file protein.cif (mmCIF, C-alpha atoms; chains and numbers go by the auth columns)
data_data
#
loop_
_atom_site.group_PDB
_atom_site.id
_atom_site.type_symbol
_atom_site.label_atom_id
_atom_site.label_comp_id
_atom_site.label_asym_id
_atom_site.label_seq_id
_atom_site.Cartn_x
_atom_site.Cartn_y
_atom_site.Cartn_z
_atom_site.B_iso_or_equiv
_atom_site.auth_seq_id
_atom_site.auth_asym_id
ATOM 1 C CA MET A 1 0.000 0.000 0.000 0.00 1 A
ATOM 2 C CA ASP A 2 1.407 3.332 -1.068 0.00 2 A
ATOM 3 C CA ILE A 3 0.788 6.295 1.185 0.00 3 A
ATOM 4 C CA ASP A 4 -0.092 9.630 -0.351 0.00 4 A
ATOM 5 C CA TRP A 5 2.039 11.803 1.927 0.00 5 A
ATOM 6 C CA THR A 6 0.441 15.041 0.765 0.00 6 A
ATOM 7 C CA ALA A 7 -3.051 13.776 1.625 0.00 7 A
ATOM 8 C CA ALA A 8 -1.734 12.282 4.877 0.00 8 A
ATOM 9 C CA SER A 9 -0.167 15.628 5.830 0.00 9 A
ATOM 10 C CA ILE A 10 -3.363 17.534 5.039 0.00 10 A
ATOM 11 C CA ALA A 11 -5.573 15.118 6.986 0.00 11 A
ATOM 12 C CA ALA A 12 -3.182 14.951 9.951 0.00 12 A
ATOM 13 C CA GLY A 13 -2.786 18.743 9.928 0.00 13 A
ATOM 14 C CA TRP A 14 -6.564 19.149 9.929 0.00 14 A
ATOM 15 C CA ALA A 15 -6.885 16.914 13.015 0.00 15 A
ATOM 16 C CA ILE A 16 -3.860 18.337 14.848 0.00 16 A
ATOM 17 C CA ILE A 17 -4.875 21.956 14.297 0.00 17 A
ATOM 18 C CA LEU A 18 -8.440 21.297 15.457 0.00 18 A
ATOM 19 C CA GLY A 19 -7.303 19.346 18.501 0.00 19 A
ATOM 20 C CA GLY A 20 -4.624 21.868 19.432 0.00 20 A
ATOM 21 C CA ALA A 21 -6.827 24.896 18.862 0.00 21 A
ATOM 22 C CA GLY A 22 -9.660 23.329 20.828 0.00 22 A
ATOM 23 C CA GLY A 23 -7.330 22.785 23.759 0.00 23 A
ATOM 24 C CA ALA A 24 -5.722 26.227 23.506 0.00 24 A
ATOM 25 C CA LEU A 25 -9.071 28.028 23.246 0.00 25 A
ATOM 26 C CA THR A 26 -10.629 26.165 26.166 0.00 26 A
ATOM 27 C CA ASP A 27 -10.180 28.188 29.343 0.00 27 A
ATOM 28 C CA ILE A 28 -11.185 26.144 32.360 0.00 28 A
ATOM 29 C CA GLY A 29 -11.086 29.209 34.597 0.00 29 A
ATOM 30 C CA PRO A 30 -13.279 30.718 37.313 0.00 30 A
ATOM 31 C CA TRP A 31 -16.133 31.618 34.947 0.00 31 A
ATOM 32 C CA TYR A 32 -16.408 28.049 33.676 0.00 32 A
ATOM 33 C CA ARG A 33 -15.970 26.525 37.128 0.00 33 A
ATOM 34 C CA ALA A 34 -18.822 28.725 38.429 0.00 34 A
ATOM 35 C CA LEU A 35 -21.274 27.466 35.802 0.00 35 A
ATOM 36 C CA ARG A 36 -23.894 25.023 36.974 0.00 36 A
ATOM 37 C CA LYS A 37 -23.441 21.742 35.120 0.00 37 A
ATOM 38 C CA PRO A 38 -25.453 18.528 35.069 0.00 38 A
ATOM 39 C CA PRO A 39 -24.167 15.691 37.223 0.00 39 A
ATOM 40 C CA TRP A 40 -23.661 13.536 34.125 0.00 40 A
ATOM 41 C CA GLN A 41 -21.046 15.852 32.611 0.00 41 A
ATOM 42 C CA PRO A 42 -17.829 13.898 32.001 0.00 42 A
ATOM 43 C CA PRO A 43 -14.764 14.908 34.016 0.00 43 A
ATOM 44 C CA ASP A 44 -12.596 17.609 32.427 0.00 44 A
ATOM 45 C CA TRP A 45 -9.658 15.222 31.929 0.00 45 A
ATOM 46 C CA LEU A 46 -11.736 13.036 29.568 0.00 46 A
ATOM 47 C CA PHE A 47 -12.194 15.690 26.877 0.00 47 A
ATOM 48 C CA GLY A 48 -8.565 15.695 25.655 0.00 48 A
ATOM 49 C CA PRO A 49 -8.259 11.929 25.127 0.00 49 A
ATOM 50 C CA ALA A 50 -11.772 11.744 23.645 0.00 50 A
ATOM 51 C CA TRP A 51 -11.050 14.485 21.106 0.00 51 A
ATOM 52 C CA THR A 52 -7.693 12.897 20.234 0.00 52 A
ATOM 53 C CA ILE A 53 -9.395 9.623 19.294 0.00 53 A
ATOM 54 C CA ILE A 54 -12.335 11.322 17.588 0.00 54 A
ATOM 55 C CA LEU A 55 -10.234 13.696 15.491 0.00 55 A
ATOM 56 C CA GLY A 56 -7.771 10.912 14.692 0.00 56 A
ATOM 57 C CA CYS A 57 -10.588 8.814 13.243 0.00 57 A
ATOM 58 C CA ALA A 58 -12.065 11.808 11.405 0.00 58 A
ATOM 59 C CA GLY A 59 -8.615 12.682 10.033 0.00 59 A
ATOM 60 C CA TRP A 60 -8.284 9.119 8.773 0.00 60 A
ATOM 61 C CA SER A 61 -11.651 9.490 7.023 0.00 61 A
ATOM 62 C CA PHE A 62 -10.388 12.763 5.478 0.00 62 A
ATOM 63 C CA TYR A 63 -7.325 10.931 4.152 0.00 63 A
ATOM 64 C CA ILE A 64 -9.541 8.243 2.623 0.00 64 A
ATOM 65 C CA GLY A 65 -11.755 10.923 1.110 0.00 65 A
ATOM 66 C CA LEU A 66 -8.778 12.732 -0.411 0.00 66 A
ATOM 67 C CA THR A 67 -7.243 9.585 -1.833 0.00 67 A
ATOM 68 C CA GLU A 68 -10.344 7.674 -2.923 0.00 68 A
ATOM 69 C CA ALA A 69 -12.628 10.351 -4.353 0.00 69 A
ATOM 70 C CA PRO A 70 -13.132 9.083 -7.904 0.00 70 A
ATOM 71 C CA THR A 71 -13.709 12.437 -9.617 0.00 71 A
ATOM 72 C CA ALA A 72 -12.707 16.070 -9.249 0.00 72 A
ATOM 73 C CA GLU A 73 -16.292 16.851 -8.224 0.00 73 A
ATOM 74 C CA ALA A 74 -16.224 14.178 -5.526 0.00 74 A
ATOM 75 C CA GLN A 75 -12.888 15.461 -4.256 0.00 75 A
ATOM 76 C CA MET A 76 -14.324 18.998 -4.119 0.00 76 A
ATOM 77 C CA GLY A 77 -17.209 17.586 -2.089 0.00 77 A
ATOM 78 C CA VAL A 78 -14.726 16.019 0.350 0.00 78 A
ATOM 79 C CA TRP A 79 -12.908 19.344 0.694 0.00 79 A
ATOM 80 C CA THR A 80 -16.195 21.186 1.216 0.00 80 A
ATOM 81 C CA LEU A 81 -17.316 18.817 3.968 0.00 81 A
ATOM 82 C CA PHE A 82 -14.044 19.008 5.865 0.00 82 A
ATOM 83 C CA ILE A 83 -13.537 22.762 5.478 0.00 83 A
ATOM 84 C CA ALA A 84 -17.082 23.474 6.704 0.00 84 A
ATOM 85 C CA ASN A 85 -16.535 21.099 9.612 0.00 85 A
ATOM 86 C CA PHE A 86 -13.161 22.699 10.412 0.00 86 A
ATOM 87 C CA VAL A 87 -14.615 26.207 10.571 0.00 87 A
ATOM 88 C CA LEU A 88 -17.567 25.196 12.740 0.00 88 A
ATOM 89 C CA HIS A 89 -15.522 22.941 14.999 0.00 89 A
ATOM 90 C CA PHE A 90 -12.936 25.710 15.456 0.00 90 A
ATOM 91 C CA ALA A 91 -15.602 28.331 16.269 0.00 91 A
ATOM 92 C CA TRP A 92 -17.241 26.531 19.184 0.00 92 A
ATOM 93 C CA SER A 93 -14.555 27.004 21.861 0.00 93 A
ATOM 94 C CA PRO A 94 -14.167 30.789 21.435 0.00 94 A
ATOM 95 C CA LEU A 95 -17.940 31.234 21.487 0.00 95 A
ATOM 96 C CA PHE A 96 -18.293 29.221 24.675 0.00 96 A
ATOM 97 C CA PHE A 97 -15.122 30.095 26.590 0.00 97 A
ATOM 98 C CA LYS A 98 -13.693 33.386 25.233 0.00 98 A
ATOM 99 C CA PHE A 99 -16.986 35.202 24.661 0.00 99 A
ATOM 100 C CA LYS A 100 -18.662 33.338 27.546 0.00 100 A
ATOM 101 C CA ARG A 101 -21.715 32.661 25.405 0.00 101 A
ATOM 102 C CA PRO A 102 -22.843 29.059 25.800 0.00 102 A
ATOM 103 C CA ASP A 103 -26.102 30.131 24.145 0.00 103 A
ATOM 104 C CA TRP A 104 -24.271 31.186 20.969 0.00 104 A
ATOM 105 C CA ALA A 105 -22.138 28.044 21.144 0.00 105 A
ATOM 106 C CA LEU A 106 -25.319 25.979 21.365 0.00 106 A
ATOM 107 C CA ALA A 107 -26.725 27.587 18.205 0.00 107 A
ATOM 108 C CA GLU A 108 -23.393 27.026 16.448 0.00 108 A
ATOM 109 C CA ASN A 109 -23.329 23.444 17.704 0.00 109 A
ATOM 110 C CA VAL A 110 -26.396 22.645 15.609 0.00 110 A
ATOM 111 C CA PHE A 111 -24.471 23.585 12.452 0.00 111 A
ATOM 112 C CA LEU A 112 -21.392 21.659 13.624 0.00 112 A
ATOM 113 C CA TRP A 113 -23.625 18.632 14.178 0.00 113 A
ATOM 114 C CA LEU A 114 -24.907 18.981 10.605 0.00 114 A
ATOM 115 C CA THR A 115 -21.356 18.933 9.215 0.00 115 A
ATOM 116 C CA VAL A 116 -20.552 15.819 11.236 0.00 116 A
ATOM 117 C CA THR A 117 -23.735 14.241 9.893 0.00 117 A
ATOM 118 C CA GLY A 118 -22.409 15.091 6.420 0.00 118 A
ATOM 119 C CA LEU A 119 -19.150 13.295 7.218 0.00 119 A
ATOM 120 C CA LEU A 120 -21.182 10.300 8.331 0.00 120 A
ATOM 121 C CA VAL A 121 -23.658 10.208 5.437 0.00 121 A
ATOM 122 C CA VAL A 122 -22.305 12.164 2.451 0.00 122 A
ATOM 123 C CA LEU A 123 -18.603 11.258 2.617 0.00 123 A
ATOM 124 C CA PRO A 124 -19.238 7.534 1.962 0.00 124 A
ATOM 125 C CA ARG A 125 -21.327 8.437 -1.080 0.00 125 A
ATOM 126 C CA LEU A 126 -18.564 10.671 -2.426 0.00 126 A
ATOM 127 C CA VAL A 127 -15.891 7.978 -2.188 0.00 127 A
ATOM 128 C CA GLY A 128 -18.050 4.890 -2.774 0.00 128 A
ATOM 129 C CA ASP A 129 -16.977 3.284 0.498 0.00 129 A
ATOM 130 C CA SER A 130 -18.835 3.150 3.819 0.00 130 A
ATOM 131 C CA PHE A 131 -15.691 2.872 5.969 0.00 131 A
ATOM 132 C CA PRO A 132 -14.895 6.619 6.107 0.00 132 A
ATOM 133 C CA GLY A 133 -18.439 7.248 7.293 0.00 133 A
ATOM 134 C CA TRP A 134 -18.078 4.670 10.053 0.00 134 A
ATOM 135 C CA LEU A 135 -14.868 6.379 11.168 0.00 135 A
ATOM 136 C CA ASN A 136 -17.004 9.426 11.993 0.00 136 A
ATOM 137 C CA VAL A 137 -19.487 7.600 14.231 0.00 137 A
ATOM 138 C CA PRO A 138 -17.521 8.503 17.403 0.00 138 A
ATOM 139 C CA TYR A 139 -17.483 12.157 16.262 0.00 139 A
ATOM 140 C CA PHE A 140 -21.239 12.068 15.673 0.00 140 A
ATOM 141 C CA ILE A 141 -21.941 10.504 19.063 0.00 141 A
ATOM 142 C CA TRP A 142 -19.659 12.934 20.912 0.00 142 A
ATOM 143 C CA VAL A 143 -20.990 16.059 19.178 0.00 143 A
ATOM 144 C CA THR A 144 -24.558 14.883 19.785 0.00 144 A
ATOM 145 C CA PHE A 145 -23.724 14.404 23.468 0.00 145 A
ATOM 146 C CA ALA A 146 -21.881 17.759 23.565 0.00 146 A
ATOM 147 C CA CYS A 147 -24.914 19.480 22.057 0.00 147 A
ATOM 148 C CA VAL A 148 -27.169 18.056 24.776 0.00 148 A
ATOM 149 C CA LEU A 149 -24.619 19.018 27.439 0.00 149 A
ATOM 150 C CA ASN A 150 -24.316 22.530 25.998 0.00 150 A
ATOM 151 C CA TRP A 151 -28.122 22.834 25.997 0.00 151 A
ATOM 152 C CA LYS A 152 -28.282 21.753 29.644 0.00 152 A
ATOM 153 C CA ILE A 153 -25.583 24.269 30.631 0.00 153 A
ATOM 154 C CA VAL A 154 -27.552 27.017 28.881 0.00 154 A
ATOM 155 C CA GLN A 155 -30.744 25.898 30.606 0.00 155 A
ATOM 156 C CA LEU A 156 -29.096 25.843 34.050 0.00 156 A
ATOM 157 C CA ASN A 157 -27.255 29.167 33.717 0.00 157 A
ATOM 158 C CA ARG A 158 -29.153 31.585 31.464 0.00 158 A
ATOM 159 C CA PRO A 159 -29.245 34.442 30.737 0.00 159 A
ATOM 160 C CA PHE A 160 -25.875 35.260 29.159 0.00 160 A
ATOM 161 C CA GLY A 161 -24.386 38.398 27.641 0.00 161 A
ATOM 162 C CA ALA A 162 -26.038 41.774 28.183 0.00 162 A
ATOM 163 C CA ALA A 163 -29.123 40.143 29.726 0.00 163 A
ATOM 164 C CA ALA A 164 -26.924 38.581 32.403 0.00 164 A
ATOM 165 C CA THR A 165 -25.317 41.895 33.351 0.00 165 A
ATOM 166 C CA VAL A 166 -28.735 43.606 33.702 0.00 166 A
ATOM 167 C CA GLN A 167 -29.892 41.143 36.339 0.00 167 A
#
call {"tool": "encode", "arguments": {"input": "protein.cif", "output": "structure tokens"}}
result
Amino acid sequence: MDIDWTAASIAAGWAIILGGAGGALTDIGPWYRALRKPPWQPPDWLFGPAWTIILGCAGWSFYIGLTEAPTAEAQMGVWTLFIANFVLHFAWSPLFFKFKRPDWALAENVFLWLTVTGLLVVLPRLVGDSFPGWLNVPYFIWVTFACVLNWKIVQLNRPFGAAATVQ
């Protein structure tokens, strides 16, 4: 099996940048610690290893998409899916932690979830192989869970932003 090192570098870079940026943009400081959270929230230490596995699998699916897309149009579809996912994945942490707007992050999370659904459903159709879709099942499950967790944090702590400072 020959490895396409350009595609491997792109896919690995995609996963490493997302994982690194997510960690760097996540400030577990006093504001976050003061938020009310549901008792079923995973411990903070679990997020790093979970995202490493999830983004590793998604990066592998990106590599397969880049190397197995049968046409230029299919390859453009692969790029579109992963660029949209990158932007939305990258945006969540600043919305939640930097801007302290879990409500905005929740709205954004819906769009992130849609891109992950695309990786699960559309990517296999683009490459003619179900395996890259299956590689995104952990991503889908985690983002679905994260969306519910984000919703619960909003529910337990609203209002945010200007409405919070008025109270």
call {"tool": "atom_distance", "arguments": {"input": "protein.cif", "atom1": "CA of Val154 (chain A)", "atom2": "CA of Ile16 (chain A)"}}
result
28.9 Å
call {"tool": "closest_residue", "arguments": {"input": "protein.cif", "among": "A:Val110, A:Leu149, A:Leu88, A:Cys57", "to": "Phe131 (chain A)", "atoms": "all atoms listed in the file"}}
result
A:Cys57
call {"tool": "resolve_selection", "arguments": {"input": "protein.cif", "expression": "the PyMOL selection byres ((chain A and resi 44-52) around 10)", "output": "number ranges by chain"}}
result
A: 15-16, 18-20, 22-23, 28, 41-43, 53-58, 138-139, 142
call {"tool": "write_last_selection", "arguments": {"input": "protein.cif", "atoms": "C-alpha atoms", "output": "CSV table (one decimal), in the frame of the given file"}}
result
chain,number,residue,atom,x,y,z
A,15,ALA,CA,-6.9,16.9,13.0
A,16,ILE,CA,-3.9,18.3,14.8
A,18,LEU,CA,-8.4,21.3,15.5
A,19,GLY,CA,-7.3,19.3,18.5
A,20,GLY,CA,-4.6,21.9,19.4
A,22,GLY,CA,-9.7,23.3,20.8
A,23,GLY,CA,-7.3,22.8,23.8
A,28,ILE,CA,-11.2,26.1,32.4
A,41,GLN,CA,-21.0,15.9,32.6
A,42,PRO,CA,-17.8,13.9,32.0
A,43,PRO,CA,-14.8,14.9,34.0
A,53,ILE,CA,-9.4,9.6,19.3
A,54,ILE,CA,-12.3,11.3,17.6
A,55,LEU,CA,-10.2,13.7,15.5
A,56,GLY,CA,-7.8,10.9,14.7
A,57,CYS,CA,-10.6,8.8,13.2
A,58,ALA,CA,-12.1,11.8,11.4
A,138,PRO,CA,-17.5,8.5,17.4
A,139,TYR,CA,-17.5,12.2,16.3
A,142,TRP,CA,-19.7,12.9,20.9
call {"tool": "atom_distance", "arguments": {"input": "protein.cif", "atom1": "CA of Phe82 (chain A)", "atom2": "CA of Leu123 (chain A)"}}
result
9.6 Å
call {"tool": "closest_residue", "arguments": {"input": "protein.cif", "among": "A:Asn85, A:Thr144, A:Ser93, A:Asn109", "to": "Ala21 (chain A)", "atoms": "all atoms listed in the file"}}
result
A:Ser93
call {"tool": "residues_near_point", "arguments": {"input": "protein.cif", "point": "(-26.4, 19.2, 24.9)", "cutoff": "12 Å", "atoms": "all atoms listed in the file", "output": "JSON list (two decimals) with C-alpha atoms, in the frame of the given file"}}
result
[["chain", "number", "residue", "atom", "x", "y", "z"],
["A", 37, "LYS", "CA", -23.44, 21.74, 35.12],
["A", 38, "PRO", "CA", -25.45, 18.53, 35.07],
["A", 40, "TRP", "CA", -23.66, 13.54, 34.12],
["A", 41, "GLN", "CA", -21.05, 15.85, 32.61],
["A", 102, "PRO", "CA", -22.84, 29.06, 25.80],
["A", 103, "ASP", "CA", -26.10, 30.13, 24.14],
["A", 105, "ALA", "CA", -22.14, 28.04, 21.14],
["A", 106, "LEU", "CA", -25.32, 25.98, 21.36],
["A", 107, "ALA", "CA", -26.72, 27.59, 18.20],
["A", 108, "GLU", "CA", -23.39, 27.03, 16.45],
["A", 109, "ASN", "CA", -23.33, 23.44, 17.70],
["A", 110, "VAL", "CA", -26.40, 22.64, 15.61],
["A", 113, "TRP", "CA", -23.62, 18.63, 14.18],
["A", 141, "ILE", "CA", -21.94, 10.50, 19.06],
["A", 142, "TRP", "CA", -19.66, 12.93, 20.91],
["A", 143, "VAL", "CA", -20.99, 16.06, 19.18],
["A", 144, "THR", "CA", -24.56, 14.88, 19.78],
["A", 145, "PHE", "CA", -23.72, 14.40, 23.47],
["A", 146, "ALA", "CA", -21.88, 17.76, 23.56],
["A", 147, "CYS", "CA", -24.91, 19.48, 22.06],
["A", 148, "VAL", "CA", -27.17, 18.06, 24.78],
["A", 149, "LEU", "CA", -24.62, 19.02, 27.44],
["A", 150, "ASN", "CA", -24.32, 22.53, 26.00],
["A", 151, "TRP", "CA", -28.12, 22.83, 26.00],
["A", 152, "LYS", "CA", -28.28, 21.75, 29.64],
["A", 153, "ILE", "CA", -25.58, 24.27, 30.63],
["A", 154, "VAL", "CA", -27.55, 27.02, 28.88],
["A", 155, "GLN", "CA", -30.74, 25.90, 30.61],
["A", 156, "LEU", "CA", -29.10, 25.84, 34.05]]
call {"tool": "residues_around", "arguments": {"input": "protein.cif", "residues": "region 119-122 of chain A", "least_positions_apart": "5", "cutoff": "8 Å", "atoms": "all atoms listed in the file", "output": "PDB file with C-alpha atoms, keeping the file's coordinate frame"}}
result
ATOM      1  CA  LEU A  81     -17.316  18.817   3.968  1.00  0.00           C
ATOM      2  CA  PHE A  82     -14.044  19.008   5.865  1.00  0.00           C
ATOM      3  CA  PRO A 132     -14.895   6.619   6.107  1.00  0.00           C
ATOM      4  CA  GLY A 133     -18.439   7.248   7.293  1.00  0.00           C
ATOM      5  CA  TRP A 134     -18.078   4.670  10.053  1.00  0.00           C
ATOM      6  CA  LEU A 135     -14.868   6.379  11.168  1.00  0.00           C
ATOM      7  CA  ASN A 136     -17.004   9.426  11.993  1.00  0.00           C
ATOM      8  CA  VAL A 137     -19.487   7.600  14.231  1.00  0.00           C
ATOM      9  CA  PHE A 140     -21.239  12.068  15.673  1.00  0.00           C
TER      10      PHE A 140
END
call {"tool": "closest_residue", "arguments": {"input": "protein.cif", "among": "A:Ala7, A:Phe160, A:Arg125, A:Ser130", "to": "Pro70 (chain A)", "atoms": "only C-alpha atoms"}}
result
A:Arg125
call {"tool": "atom_distance", "arguments": {"input": "protein.cif", "atom1": "CA of Ala84 (chain A)", "atom2": "CA of Thr115 (chain A)"}}
result
6.7 Å
call {"tool": "resolve_selection", "arguments": {"input": "protein.cif", "expression": "the PyMOL selection byres ((chain A and resi 99) around 12)", "output": "JSON, numbers by chain"}}
result
{"A": [25, 26, 27, 31, 32, 91, 92, 93, 94, 95, 96, 97, 98, 100, 101, 102, 103, 104, 105, 160, 161, 162]}
call {"tool": "closest_residue", "arguments": {"input": "protein.cif", "among": "A:Gly59, A:Gly65, A:Pro39, A:Pro30", "to": "Gly128 (chain A)", "atoms": "all atoms listed in the file"}}
result
A:Gly65
call {"tool": "residues_around", "arguments": {"input": "protein.cif", "residues": "Tyr63 (chain A)", "least_positions_apart": "3", "cutoff": "10 Å", "atoms": "all atoms listed in the file", "output": "JSON, numbers by chain"}}
result
{"A": [3, 4, 5, 6, 7, 8, 9, 10, 11, 12, 57, 58, 59, 60, 66, 67, 68, 78, 132]}
call {"tool": "write_last_selection", "arguments": {"input": "protein.cif", "atoms": "C-alpha atoms", "output": "mmCIF file, in the coordinates of the input"}}
result
data_model
loop_
_atom_site.group_PDB
_atom_site.id
_atom_site.type_symbol
_atom_site.label_atom_id
_atom_site.label_comp_id
_atom_site.auth_asym_id
_atom_site.auth_seq_id
_atom_site.Cartn_x
_atom_site.Cartn_y
_atom_site.Cartn_z
ATOM 1 C CA ILE A 3 0.788 6.295 1.185
ATOM 2 C CA ASP A 4 -0.092 9.630 -0.351
ATOM 3 C CA TRP A 5 2.039 11.803 1.927
ATOM 4 C CA THR A 6 0.441 15.041 0.765
ATOM 5 C CA ALA A 7 -3.051 13.776 1.625
ATOM 6 C CA ALA A 8 -1.734 12.282 4.877
ATOM 7 C CA SER A 9 -0.167 15.628 5.830
ATOM 8 C CA ILE A 10 -3.363 17.534 5.039
ATOM 9 C CA ALA A 11 -5.573 15.118 6.986
ATOM 10 C CA ALA A 12 -3.182 14.951 9.951
ATOM 11 C CA CYS A 57 -10.588 8.814 13.243
ATOM 12 C CA ALA A 58 -12.065 11.808 11.405
ATOM 13 C CA GLY A 59 -8.615 12.682 10.033
ATOM 14 C CA TRP A 60 -8.284 9.119 8.773
ATOM 15 C CA LEU A 66 -8.778 12.732 -0.411
ATOM 16 C CA THR A 67 -7.243 9.585 -1.833
ATOM 17 C CA GLU A 68 -10.344 7.674 -2.923
ATOM 18 C CA VAL A 78 -14.726 16.019 0.350
ATOM 19 C CA PRO A 132 -14.895 6.619 6.107
#
call {"tool": "closest_residue", "arguments": {"input": "protein.cif", "among": "A:Ala24, A:Val127, A:Leu112, A:Asp2", "to": "Ile83 (chain A)", "atoms": "all atoms listed in the file"}}
result
A:Leu112
call {"tool": "build_atoms", "arguments": {"input": "protein.cif", "residues": "region 80-94 of chain A", "atoms": "N, CA and C atoms", "output": "tab-separated table (two decimals), keeping the file's coordinate frame"}}
result
chain	number	residue	atom	x	y	z
A	80	THR	N	-15.11	20.35	0.70
A	80	THR	CA	-16.20	21.19	1.22
A	80	THR	C	-16.67	20.69	2.58
A	81	LEU	N	-16.88	19.39	2.69
A	81	LEU	CA	-17.32	18.82	3.97
A	81	LEU	C	-16.32	19.11	5.08
A	82	PHE	N	-15.04	18.87	4.81
A	82	PHE	CA	-14.04	19.01	5.86
A	82	PHE	C	-13.70	20.47	6.17
A	83	ILE	N	-13.76	21.34	5.20
A	83	ILE	CA	-13.54	22.76	5.48
A	83	ILE	C	-14.69	23.32	6.30
A	84	ALA	N	-15.92	23.00	5.93
A	84	ALA	CA	-17.08	23.47	6.70
A	84	ALA	C	-17.00	22.95	8.13
A	85	ASN	N	-16.65	21.68	8.28
A	85	ASN	CA	-16.54	21.10	9.61
A	85	ASN	C	-15.42	21.78	10.40
A	86	PHE	N	-14.30	22.04	9.75
A	86	PHE	CA	-13.16	22.70	10.41
A	86	PHE	C	-13.57	24.05	10.97
A	87	VAL	N	-14.21	24.86	10.15
A	87	VAL	CA	-14.62	26.21	10.57
A	87	VAL	C	-15.58	26.14	11.76
A	88	LEU	N	-16.57	25.28	11.67
A	88	LEU	CA	-17.57	25.20	12.74
A	88	LEU	C	-17.01	24.55	14.00
A	89	HIS	N	-16.16	23.56	13.84
A	89	HIS	CA	-15.52	22.94	15.00
A	89	HIS	C	-14.63	23.97	15.71
A	90	PHE	N	-13.86	24.70	14.92
A	90	PHE	CA	-12.94	25.71	15.46
A	90	PHE	C	-13.68	26.82	16.18
A	91	ALA	N	-14.86	27.18	15.72
A	91	ALA	CA	-15.60	28.33	16.27
A	91	ALA	C	-16.23	28.06	17.63
A	92	TRP	N	-16.48	26.81	17.97
A	92	TRP	CA	-17.24	26.53	19.18
A	92	TRP	C	-16.53	27.00	20.45
A	93	SER	N	-15.27	26.66	20.62
A	93	SER	CA	-14.56	27.00	21.86
A	93	SER	C	-14.50	28.50	22.13
A	94	PRO	N	-14.15	29.34	21.14
A	94	PRO	CA	-14.17	30.79	21.44
A	94	PRO	C	-15.55	31.30	21.81
